[in-house]
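Trainee: Data file model-v6.cif (mmCIF, C-alpha atoms and all ligand atoms) is appended below.
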```cif
data_input
loop_
_atom_site.group_PDB
_atom_site.id
_atom_site.type_symbol
_atom_site.label_atom_id
_atom_site.label_comp_id
_atom_site.auth_asym_id
_atom_site.auth_seq_id
_atom_site.Cartn_x
_atom_site.Cartn_y
_atom_site.Cartn_z
ATOM 1 C CA MET O 2 157.280 21.094 82.967
ATOM 2 C CA SER O 3 155.538 22.957 85.817
ATOM 3 C CA LEU O 4 157.462 24.941 88.407
ATOM 4 C CA PRO O 5 158.385 23.162 91.665
ATOM 5 C CA PRO O 6 155.758 23.800 94.361
ATOM 6 C CA ASN O 7 156.636 26.265 97.111
ATOM 7 C CA ILE O 8 156.193 24.399 100.363
ATOM 8 C CA ILE O 9 156.620 24.538 104.095
ATOM 9 C CA LEU O 10 157.151 20.982 105.308
ATOM 10 C CA ASP O 11 155.820 20.561 108.856
ATOM 11 C CA CYS O 12 157.151 17.273 110.171
ATOM 12 C CA ASP O 13 158.037 14.996 113.107
ATOM 13 C CA PRO O 14 160.911 12.865 111.758
ATOM 14 C CA GLY O 15 160.301 9.944 111.864
ATOM 15 C CA HIS O 16 161.729 7.687 109.133
ATOM 16 C CA ASP O 17 159.060 8.423 106.533
ATOM 17 C CA ASP O 18 159.182 12.158 107.337
ATOM 18 C CA ALA O 19 162.920 11.957 106.601
ATOM 19 C CA PHE O 20 162.209 10.667 103.105
ATOM 20 C CA ALA O 21 159.533 13.328 102.628
ATOM 21 C CA LEU O 22 162.276 15.885 103.380
ATOM 22 C CA ILE O 23 164.687 14.272 100.924
ATOM 23 C CA VAL O 24 162.114 14.149 98.110
ATOM 24 C CA ALA O 25 161.055 17.729 98.859
ATOM 25 C CA ALA O 26 164.664 18.945 98.778
ATOM 26 C CA LYS O 27 165.011 17.610 95.234
ATOM 27 C CA PHE O 28 161.605 18.383 93.731
ATOM 28 C CA CYS O 29 160.164 21.364 95.686
ATOM 29 C CA ASN O 30 161.139 24.890 96.530
ATOM 30 C CA VAL O 31 161.321 24.370 100.292
ATOM 31 C CA LEU O 32 160.589 27.747 101.886
ATOM 32 C CA GLY O 33 161.105 26.258 105.314
ATOM 33 C CA VAL O 34 160.850 23.194 107.503
ATOM 34 C CA THR O 35 158.934 23.283 110.768
ATOM 35 C CA THR O 36 158.926 20.592 113.422
ATOM 36 C CA VAL O 37 156.351 19.329 115.868
ATOM 37 C CA ALA O 38 156.240 16.749 118.660
ATOM 38 C CA GLY O 39 154.831 13.461 117.402
ATOM 39 C CA ASN O 40 156.872 10.378 116.673
ATOM 40 C CA ALA O 41 159.319 11.613 119.336
ATOM 41 C CA PRO O 42 159.629 14.647 121.635
ATOM 42 C CA LEU O 43 160.106 17.991 119.875
ATOM 43 C CA GLU O 44 163.814 18.214 120.680
ATOM 44 C CA LEU O 45 164.410 14.903 118.910
ATOM 45 C CA THR O 46 162.181 15.523 115.883
ATOM 46 C CA THR O 47 163.971 18.864 115.442
ATOM 47 C CA ARG O 48 167.378 17.235 115.754
ATOM 48 C CA ASN O 49 166.386 14.548 113.240
ATOM 49 C CA ALA O 50 165.186 17.181 110.757
ATOM 50 C CA ARG O 51 168.510 19.038 111.132
ATOM 51 C CA ILE O 52 170.414 15.837 110.349
ATOM 52 C CA ILE O 53 168.331 15.005 107.284
ATOM 53 C CA LEU O 54 168.591 18.539 105.895
ATOM 54 C CA ASP O 55 172.372 18.181 106.131
ATOM 55 C CA LEU O 56 172.303 14.799 104.386
ATOM 56 C CA CYS O 57 170.357 16.177 101.450
ATOM 57 C CA GLY O 58 172.291 19.447 101.320
ATOM 58 C CA SER O 59 169.276 21.641 102.051
ATOM 59 C CA THR O 60 169.828 25.088 103.524
ATOM 60 C CA ALA O 61 166.095 25.665 104.050
ATOM 61 C CA PRO O 62 165.245 27.517 107.281
ATOM 62 C CA LEU O 63 164.286 25.183 110.128
ATOM 63 C CA HIS O 64 161.960 26.252 112.947
ATOM 64 C CA SER O 65 160.682 24.187 115.840
ATOM 65 C CA GLY O 66 157.095 24.499 117.001
ATOM 66 C CA ALA O 67 154.630 22.847 119.345
ATOM 67 C CA ASP O 68 155.925 20.415 121.940
ATOM 68 C CA LYS O 69 152.529 18.902 122.751
ATOM 69 C CA PRO O 70 149.050 18.480 121.271
ATOM 70 C CA LEU O 71 146.400 21.185 121.822
ATOM 71 C CA VAL O 72 144.384 19.295 124.433
ATOM 72 C CA GLN O 73 145.699 15.865 125.311
ATOM 73 C CA PRO O 74 149.114 14.894 126.685
ATOM 74 C CA PRO O 75 151.892 13.944 124.268
ATOM 75 C CA VAL O 76 152.429 10.295 123.313
ATOM 76 C CA PHE O 77 155.335 9.143 121.161
ATOM 77 C CA ALA O 78 155.734 6.355 118.578
ATOM 78 C CA ASP O 79 158.959 4.722 119.735
ATOM 79 C CA TYR O 80 157.331 1.327 119.099
ATOM 80 C CA VAL O 81 157.601 2.183 115.371
ATOM 81 C CA HIS O 82 160.493 4.659 115.046
ATOM 82 C CA GLY O 83 162.687 3.770 118.055
ATOM 83 C CA LYS O 84 163.643 5.979 121.004
ATOM 84 C CA SER O 85 165.387 8.638 118.886
ATOM 85 C CA GLY O 86 162.424 8.844 116.519
ATOM 86 C CA MET O 87 164.789 7.752 113.738
ATOM 87 C CA ASP O 88 166.664 4.656 114.917
ATOM 88 C CA GLY O 89 168.626 2.366 112.601
ATOM 89 C CA ALA O 90 171.805 4.177 111.504
ATOM 90 C CA GLU O 91 174.859 5.921 112.950
ATOM 91 C CA LEU O 92 173.874 9.391 111.821
ATOM 92 C CA PRO O 93 176.263 12.376 111.808
ATOM 93 C CA GLU O 94 175.847 15.228 114.283
ATOM 94 C CA PRO O 95 173.784 18.049 112.770
ATOM 95 C CA SER O 96 175.847 20.995 111.513
ATOM 96 C CA ARG O 97 173.456 23.796 112.459
ATOM 97 C CA PRO O 98 170.904 24.637 115.135
ATOM 98 C CA ALA O 99 167.249 25.388 114.483
ATOM 99 C CA ASP O 100 166.509 29.020 113.605
ATOM 100 C CA SER O 101 165.248 31.132 116.506
ATOM 101 C CA THR O 102 161.793 32.098 115.153
ATOM 102 C CA HIS O 103 158.967 29.875 116.397
ATOM 103 C CA ALA O 104 157.382 27.650 113.738
ATOM 104 C CA ILE O 105 153.955 29.279 114.132
ATOM 105 C CA ASP O 106 155.354 32.774 113.480
ATOM 106 C CA PHE O 107 157.356 31.468 110.543
ATOM 107 C CA ILE O 108 154.303 29.812 108.980
ATOM 108 C CA ILE O 109 152.126 32.909 109.410
ATOM 109 C CA ASP O 110 154.737 35.350 108.092
ATOM 110 C CA THR O 111 155.693 33.190 105.120
ATOM 111 C CA VAL O 112 152.133 32.446 103.998
ATOM 112 C CA ARG O 113 151.217 36.130 104.328
ATOM 113 C CA SER O 114 154.245 37.189 102.295
ATOM 114 C CA ARG O 115 153.173 35.355 99.093
ATOM 115 C CA ASP O 116 150.157 33.694 97.511
ATOM 116 C CA ASP O 117 151.558 30.370 96.383
ATOM 117 C CA VAL O 118 152.426 28.370 99.505
ATOM 118 C CA TRP O 119 151.541 24.750 100.143
ATOM 119 C CA LEU O 120 151.731 23.505 103.722
ATOM 120 C CA VAL O 121 152.818 19.875 103.821
ATOM 121 C CA PRO O 122 152.184 18.491 107.318
ATOM 122 C CA THR O 123 153.495 14.983 107.903
ATOM 123 C CA GLY O 124 153.001 14.851 111.665
ATOM 124 C CA PRO O 125 150.249 15.840 114.111
ATOM 125 C CA LEU O 126 148.534 19.021 112.930
ATOM 126 C CA THR O 127 149.262 21.102 116.042
ATOM 127 C CA ASN O 128 151.477 23.740 114.382
ATOM 128 C CA VAL O 129 149.164 24.156 111.415
ATOM 129 C CA ALA O 130 146.065 24.482 113.604
ATOM 130 C CA LEU O 131 147.763 27.036 115.852
ATOM 131 C CA ALA O 132 148.786 29.098 112.820
ATOM 132 C CA LEU O 133 145.283 28.934 111.293
ATOM 133 C CA THR O 134 143.666 29.871 114.603
ATOM 134 C CA ARG O 135 145.935 32.851 115.178
ATOM 135 C CA ALA O 136 145.762 33.958 111.534
ATOM 136 C CA PRO O 137 142.469 32.780 109.990
ATOM 137 C CA ASP O 138 143.295 34.694 106.767
ATOM 138 C CA LEU O 139 145.884 31.994 106.024
ATOM 139 C CA ALA O 140 143.211 29.545 104.845
ATOM 140 C CA ALA O 141 142.317 31.735 101.870
ATOM 141 C CA ARG O 142 145.932 32.666 101.114
ATOM 142 C CA LEU O 143 147.270 29.108 100.936
ATOM 143 C CA ARG O 144 147.471 27.119 97.700
ATOM 144 C CA GLY O 145 146.517 24.244 99.957
ATOM 145 C CA ILE O 146 147.481 21.770 102.666
ATOM 146 C CA SER O 147 148.799 18.402 101.489
ATOM 147 C CA LEU O 148 148.781 16.313 104.642
ATOM 148 C CA MET O 149 149.491 12.774 105.747
ATOM 149 C CA GLY O 150 146.822 11.634 108.145
ATOM 150 C CA GLY O 151 143.668 9.631 108.619
ATOM 151 C CA GLY O 152 142.308 7.181 106.093
ATOM 152 C CA ARG O 153 139.522 4.645 105.748
ATOM 153 C CA PHE O 154 140.956 2.638 108.665
ATOM 154 C CA GLY O 155 143.249 3.350 111.596
ATOM 155 C CA ASN O 156 146.609 2.222 112.917
ATOM 156 C CA ARG O 157 146.770 3.666 116.441
ATOM 157 C CA THR O 158 143.169 2.503 117.000
ATOM 158 C CA PRO O 159 140.935 0.521 114.629
ATOM 159 C CA SER O 160 139.504 3.801 113.366
ATOM 160 C CA ALA O 161 142.181 6.472 113.997
ATOM 161 C CA GLU O 162 145.521 7.056 112.313
ATOM 162 C CA PHE O 163 148.433 8.217 114.546
ATOM 163 C CA ASN O 164 148.828 11.843 113.333
ATOM 164 C CA ILE O 165 145.111 12.593 113.673
ATOM 165 C CA TRP O 166 144.673 10.493 116.839
ATOM 166 C CA LEU O 167 147.472 12.377 118.584
ATOM 167 C CA ASP O 168 145.858 15.783 118.109
ATOM 168 C CA PRO O 169 142.251 15.426 116.923
ATOM 169 C CA GLU O 170 141.288 18.984 117.889
ATOM 170 C CA ALA O 171 144.077 20.325 115.685
ATOM 171 C CA ALA O 172 143.054 18.029 112.828
ATOM 172 C CA ALA O 173 139.420 19.161 113.069
ATOM 173 C CA THR O 174 140.544 22.799 112.877
ATOM 174 C CA VAL O 175 142.566 22.087 109.749
ATOM 175 C CA PHE O 176 139.875 20.069 107.930
ATOM 176 C CA MET O 177 137.251 22.720 108.706
ATOM 177 C CA SER O 178 139.518 25.701 107.873
ATOM 178 C CA GLY O 179 138.331 26.146 104.297
ATOM 179 C CA ALA O 180 141.850 25.703 102.889
ATOM 180 C CA PRO O 181 142.029 23.135 100.053
ATOM 181 C CA ILE O 182 143.125 19.829 101.606
ATOM 182 C CA VAL O 183 144.923 16.942 99.919
ATOM 183 C CA MET O 184 144.777 13.888 102.149
ATOM 184 C CA ALA O 185 147.186 10.939 102.115
ATOM 185 C CA GLY O 186 145.465 8.425 104.383
ATOM 186 C CA LEU O 187 146.417 4.921 105.405
ATOM 187 C CA HIS O 188 144.294 3.262 102.683
ATOM 188 C CA LEU O 189 146.759 4.892 100.257
ATOM 189 C CA THR O 190 150.047 4.852 102.147
ATOM 190 C CA HIS O 191 149.851 1.147 103.036
ATOM 191 C CA GLU O 192 150.147 0.525 99.269
ATOM 192 C CA PHE O 193 153.539 2.258 99.261
ATOM 193 C CA GLN O 194 155.930 -0.077 101.083
ATOM 194 C CA ALA O 195 159.701 -0.107 101.398
ATOM 195 C CA SER O 196 160.205 -3.723 100.289
ATOM 196 C CA PRO O 197 163.721 -5.259 100.487
ATOM 197 C CA PRO O 198 164.501 -4.665 96.765
ATOM 198 C CA ARG O 199 163.369 -1.040 97.070
ATOM 199 C CA ILE O 200 165.613 -0.553 100.127
ATOM 200 C CA ALA O 201 168.518 -2.070 98.161
ATOM 201 C CA ALA O 202 167.876 0.502 95.411
ATOM 202 C CA VAL O 203 168.098 3.314 97.978
ATOM 203 C CA GLU O 204 171.323 1.819 99.343
ATOM 204 C CA SER O 205 173.050 1.728 95.975
ATOM 205 C CA ALA O 206 171.785 5.148 94.853
ATOM 206 C CA HIS O 207 174.447 7.086 96.767
ATOM 207 C CA PRO O 208 177.842 5.956 98.136
ATOM 208 C CA ARG O 209 177.670 7.835 101.472
ATOM 209 C CA VAL O 210 174.021 8.646 102.135
ATOM 210 C CA GLY O 211 172.538 5.483 100.581
ATOM 211 C CA PRO O 212 173.791 3.041 103.267
ATOM 212 C CA LEU O 213 172.674 5.395 106.088
ATOM 213 C CA LEU O 214 169.198 5.753 104.612
ATOM 214 C CA ALA O 215 168.973 2.026 103.929
ATOM 215 C CA GLY O 216 169.819 1.421 107.612
ATOM 216 C CA LEU O 217 166.953 3.685 108.614
ATOM 217 C CA LEU O 218 164.576 1.914 106.245
ATOM 218 C CA ARG O 219 165.621 -1.558 107.447
ATOM 219 C CA PHE O 220 164.858 -0.540 111.045
ATOM 220 C CA PHE O 221 161.531 1.040 110.073
ATOM 221 C CA SER O 222 160.542 -1.917 107.899
ATOM 222 C CA GLY O 223 161.527 -4.282 110.694
ATOM 223 C CA THR O 224 159.022 -2.715 113.059
ATOM 224 C CA TYR O 225 156.299 -2.862 110.383
ATOM 225 C CA VAL O 226 156.917 -6.426 109.309
ATOM 226 C CA ASN O 227 157.099 -7.605 112.929
ATOM 227 C CA ARG O 228 153.862 -5.866 113.903
ATOM 228 C CA HIS O 229 151.677 -6.618 110.852
ATOM 229 C CA VAL O 230 150.430 -9.478 108.761
ATOM 230 C CA GLY O 231 151.132 -9.214 105.030
ATOM 231 C CA PHE O 232 153.600 -6.313 104.917
ATOM 232 C CA GLU O 233 156.770 -6.454 102.781
ATOM 233 C CA GLY O 234 158.193 -3.341 104.415
ATOM 234 C CA ALA O 235 157.317 -0.076 106.132
ATOM 235 C CA ALA O 236 154.607 2.123 104.677
ATOM 236 C CA MET O 237 156.247 5.290 103.341
ATOM 237 C CA HIS O 238 153.282 7.395 104.451
ATOM 238 C CA ASP O 239 154.702 10.890 104.557
ATOM 239 C CA VAL O 240 156.417 10.846 101.179
ATOM 240 C CA CYS O 241 152.966 10.607 99.555
ATOM 241 C CA SER O 242 152.069 14.131 100.703
ATOM 242 C CA VAL O 243 155.070 15.547 98.851
ATOM 243 C CA LEU O 244 154.599 13.331 95.773
ATOM 244 C CA ALA O 245 150.971 14.449 95.517
ATOM 245 C CA LEU O 246 152.308 17.914 94.669
ATOM 246 C CA THR O 247 155.414 17.040 92.670
ATOM 247 C CA HIS O 248 154.164 13.965 90.767
ATOM 248 C CA PRO O 249 150.349 14.139 90.788
ATOM 249 C CA ASP O 250 150.132 11.688 87.868
ATOM 250 C CA LEU O 251 151.135 8.893 90.277
ATOM 251 C CA PHE O 252 147.748 9.059 91.990
ATOM 252 C CA GLU O 253 144.057 8.466 91.462
ATOM 253 C CA THR O 254 142.017 10.818 93.627
ATOM 254 C CA SER O 255 138.456 11.593 94.659
ATOM 255 C CA SER O 256 136.835 14.737 96.049
ATOM 256 C CA LYS O 257 135.166 14.077 99.388
ATOM 257 C CA TYR O 258 133.835 15.708 102.501
ATOM 258 C CA VAL O 259 135.998 14.608 105.432
ATOM 259 C CA ALA O 260 135.240 15.304 109.104
ATOM 260 C CA VAL O 261 137.317 14.456 112.171
ATOM 261 C CA ASP O 262 135.495 12.738 115.009
ATOM 262 C CA LEU O 263 136.279 14.173 118.441
ATOM 263 C CA HIS O 264 133.800 12.468 120.727
ATOM 264 C CA GLY O 265 133.307 8.804 119.839
ATOM 265 C CA ASN O 266 134.183 6.077 122.324
ATOM 266 C CA HIS O 267 135.781 4.058 119.541
ATOM 267 C CA THR O 268 136.220 6.725 116.880
ATOM 268 C CA ARG O 269 137.944 9.750 118.446
ATOM 269 C CA GLY O 270 140.539 10.868 115.896
ATOM 270 C CA MET O 271 138.868 9.083 112.992
ATOM 271 C CA THR O 272 138.659 10.866 109.636
ATOM 272 C CA VAL O 273 135.090 10.199 108.541
ATOM 273 C CA ILE O 274 135.133 10.231 104.720
ATOM 274 C CA ASP O 275 131.691 10.740 103.200
ATOM 275 C CA ASP O 276 131.715 8.006 100.548
ATOM 276 C CA ARG O 277 127.952 8.058 100.039
ATOM 277 C CA GLN O 278 126.925 8.274 96.413
ATOM 278 C CA LEU O 279 124.091 10.674 97.180
ATOM 279 C CA ILE O 280 123.478 13.564 94.820
ATOM 280 C CA ASP O 281 122.696 15.743 97.823
ATOM 281 C CA ARG O 282 125.708 15.460 100.106
ATOM 282 C CA PRO O 283 128.080 17.930 101.786
ATOM 283 C CA SER O 284 130.460 19.661 99.364
ATOM 284 C CA ALA O 285 133.943 18.249 99.288
ATOM 285 C CA ASN O 286 136.594 19.821 101.510
ATOM 286 C CA ALA O 287 139.364 17.401 100.537
ATOM 287 C CA THR O 288 141.030 15.680 97.616
ATOM 288 C CA VAL O 289 141.459 12.154 98.917
ATOM 289 C CA LEU O 290 144.403 10.259 97.415
ATOM 290 C CA GLU O 291 143.043 6.813 96.560
ATOM 291 C CA THR O 292 145.750 4.851 94.699
ATOM 292 C CA ILE O 293 149.453 5.257 93.953
ATOM 293 C CA ASP O 294 151.734 3.817 91.283
ATOM 294 C CA ALA O 295 154.105 2.503 93.952
ATOM 295 C CA ASP O 296 156.953 1.378 91.671
ATOM 296 C CA ARG O 297 157.158 4.741 89.949
ATOM 297 C CA GLY O 298 156.720 6.541 93.266
ATOM 298 C CA PHE O 299 159.619 4.666 94.775
ATOM 299 C CA SER O 300 161.829 5.438 91.792
ATOM 300 C CA VAL O 301 161.236 9.135 92.561
ATOM 301 C CA ILE O 302 162.573 8.489 96.079
ATOM 302 C CA VAL O 303 165.644 6.794 94.628
ATOM 303 C CA ASP O 304 166.216 9.756 92.260
ATOM 304 C CA ALA O 305 166.055 12.123 95.232
ATOM 305 C CA VAL O 306 168.596 10.060 97.172
ATOM 306 C CA ARG O 307 170.869 10.038 94.115
ATOM 307 C CA ALA O 308 170.716 13.851 94.072
ATOM 308 C CA CYS O 309 172.087 14.200 97.630
ATOM 309 C CA PRO O 310 175.502 15.940 97.698
HETATM 310 C C1 LIG L 401 152.157 8.545 110.503
HETATM 311 O O1 LIG L 401 152.580 8.361 111.851
HETATM 312 C C2 LIG L 401 153.989 8.411 111.940
HETATM 313 O O2 LIG L 401 154.465 7.325 112.653
HETATM 314 C C3 LIG L 401 154.522 8.475 110.532
HETATM 315 O O3 LIG L 401 155.651 9.325 110.467
HETATM 316 C C4 LIG L 401 153.375 8.994 109.718
HETATM 317 O O4 LIG L 401 153.386 10.406 109.646
HETATM 318 C C5 LIG L 401 151.508 7.270 110.013
HETATM 319 O O5 LIG L 401 150.428 6.919 110.800
HETATM 320 CA CA CA L 402 155.290 11.693 110.353
#
```
Starting from the coordinates I provided, produce the structure as structure tokens.
Ligand code: BDR
Ligand code: CA
Mentor:
Amino acid sequence: MSLPPNIILDCDPGHDDAFALIVAAKFCNVLGVTTVAGNAPLELTTRNARIILDLCGSTAPLHSGADKPLVQPPVFADYVHGKSGMDGAELPEPSRPADSTHAIDFIIDTVRSRDDVWLVPTGPLTNVALALTRAPDLAARLRGISLMGGGRFGNRTPSAEFNIWLDPEAAATVFMSGAPIVMAGLHLTHEFQASPPRIAAVESAHPRVGPLLAGLLRFFSGTYVNRHVGFEGAAMHDVCSVLALTHPDLFETSSKYVAVDLHGNHTRGMTVIDDRQLIDRPSANATVLETIDADRGFSVIVDAVRACP
């Protein structure tokens, strides 16, 4: 049995970020949690992270970071996650504030203090790009960056996924940084849905936390099912970036060169995956997650919920 990965989870909770936190609390050594504006304004994503850390009994440090993308104005995803960023349950007040150090300083100091850190970004890549720009040595020090973003199709536009679309300049910095990237894109995460029976399993996994988390999932799934054709429930995007490190046997992967488009009329924020079968092609900068064993993956989520205090 390998040791749990040492991670900093950089997130914008967000329902699926919340489950990434819960799975990480059980199966990772969480060195810290950092928050970014994305699904909701920074104050709300930070508050939501504080609540979820309480629910899963995590005492990991929590630091808030960037409140807007590098270049473009902030846009939020209340049409998916509700006004709070995590609608759907009467959640308790958080017990503790965020720590005072800024997320960027925390990321830089932590990665420099050891040689075994994975960054796990599940929101726009603003914090990670700012850290890599201020401290370019981080790219070589990191074990890697396991991120949720992009894919072979989009959701915010036909070609661009929300996290990359919201801050394409940051995403380009991260993909070009030289750090090993593991990418959970939409072509993968749409195969990992919170169907009604899976939500029921979360609900019955824990007497106190289960019903709260099931409420969140029913809200999140409601917005997915109402907005899409052929969905059984919400895509649990962000959990995949944690599972890729803790349960790599759930996935089939490929090594690819991935670039982020910044200038296209229809493709700004698109992750362009070089799928050509040429012998002479750019060397891979990313491990692209291609398929997931969704039933087994969801049972890992249920185990993590069961482990909440
Ligand atoms: C991503 O956008 C957010 O709404 C989710 O939390 C996920 O990180 C999916 O496009
Ligand atoms: Ca997210």
Trainee: Report as a ChimeraX atom specification which protein, DNA and RNA residues come within 8 Å of ligand LIG 401 (chain L), using all atoms listed in the file.
Mentor: /O:12-18,39-40,78,81-82,123-125,149-151,156-157,162-164,187,237-239
Trainee: Of the residues O:Thr247, O:Ser196, O:Ser178, O:Thr36, which is the one nearest to ligand CA 402 (chain L), using all atoms listed in the file?
Mentor: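 Among the listed residues, O:Thr36 lies closest to ligand CA 402 (chain L).
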Trainee: Just how far from atom CA of O:Arg97 is atom CA of O:Ala26, in Å to one decimal?
Mentor: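 Atom-to-atom, atom CA of O:Ala26 and atom CA of O:Arg97 are spaced 17.0 Å apart.
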Trainee: Please return as JSON, numbers by chain every residue within 9 Å of (152.5, 10.3, 121.6), taking into account only C-alpha atoms and the file's own coordinates.
Mentor: {"O": [38, 39, 40, 41, 42, 69, 70, 74, 75, 76, 77, 78, 79, 163, 167]}
Trainee: Provide the atom CA of O:Ala285 to atom CA of O:Thr111 distance in Å, to one decimal place.
Mentor: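 Between these atoms lies a distance of 27.0 Å.
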Trainee: Could you tell me how far atom CA of O:Glu253 lies from atom CA of O:Leu217, in Å and to one decimal?
Mentor: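 One can read the atom CA of O:Glu253 to atom CA of O:Leu217 distance as 29.0 Å.
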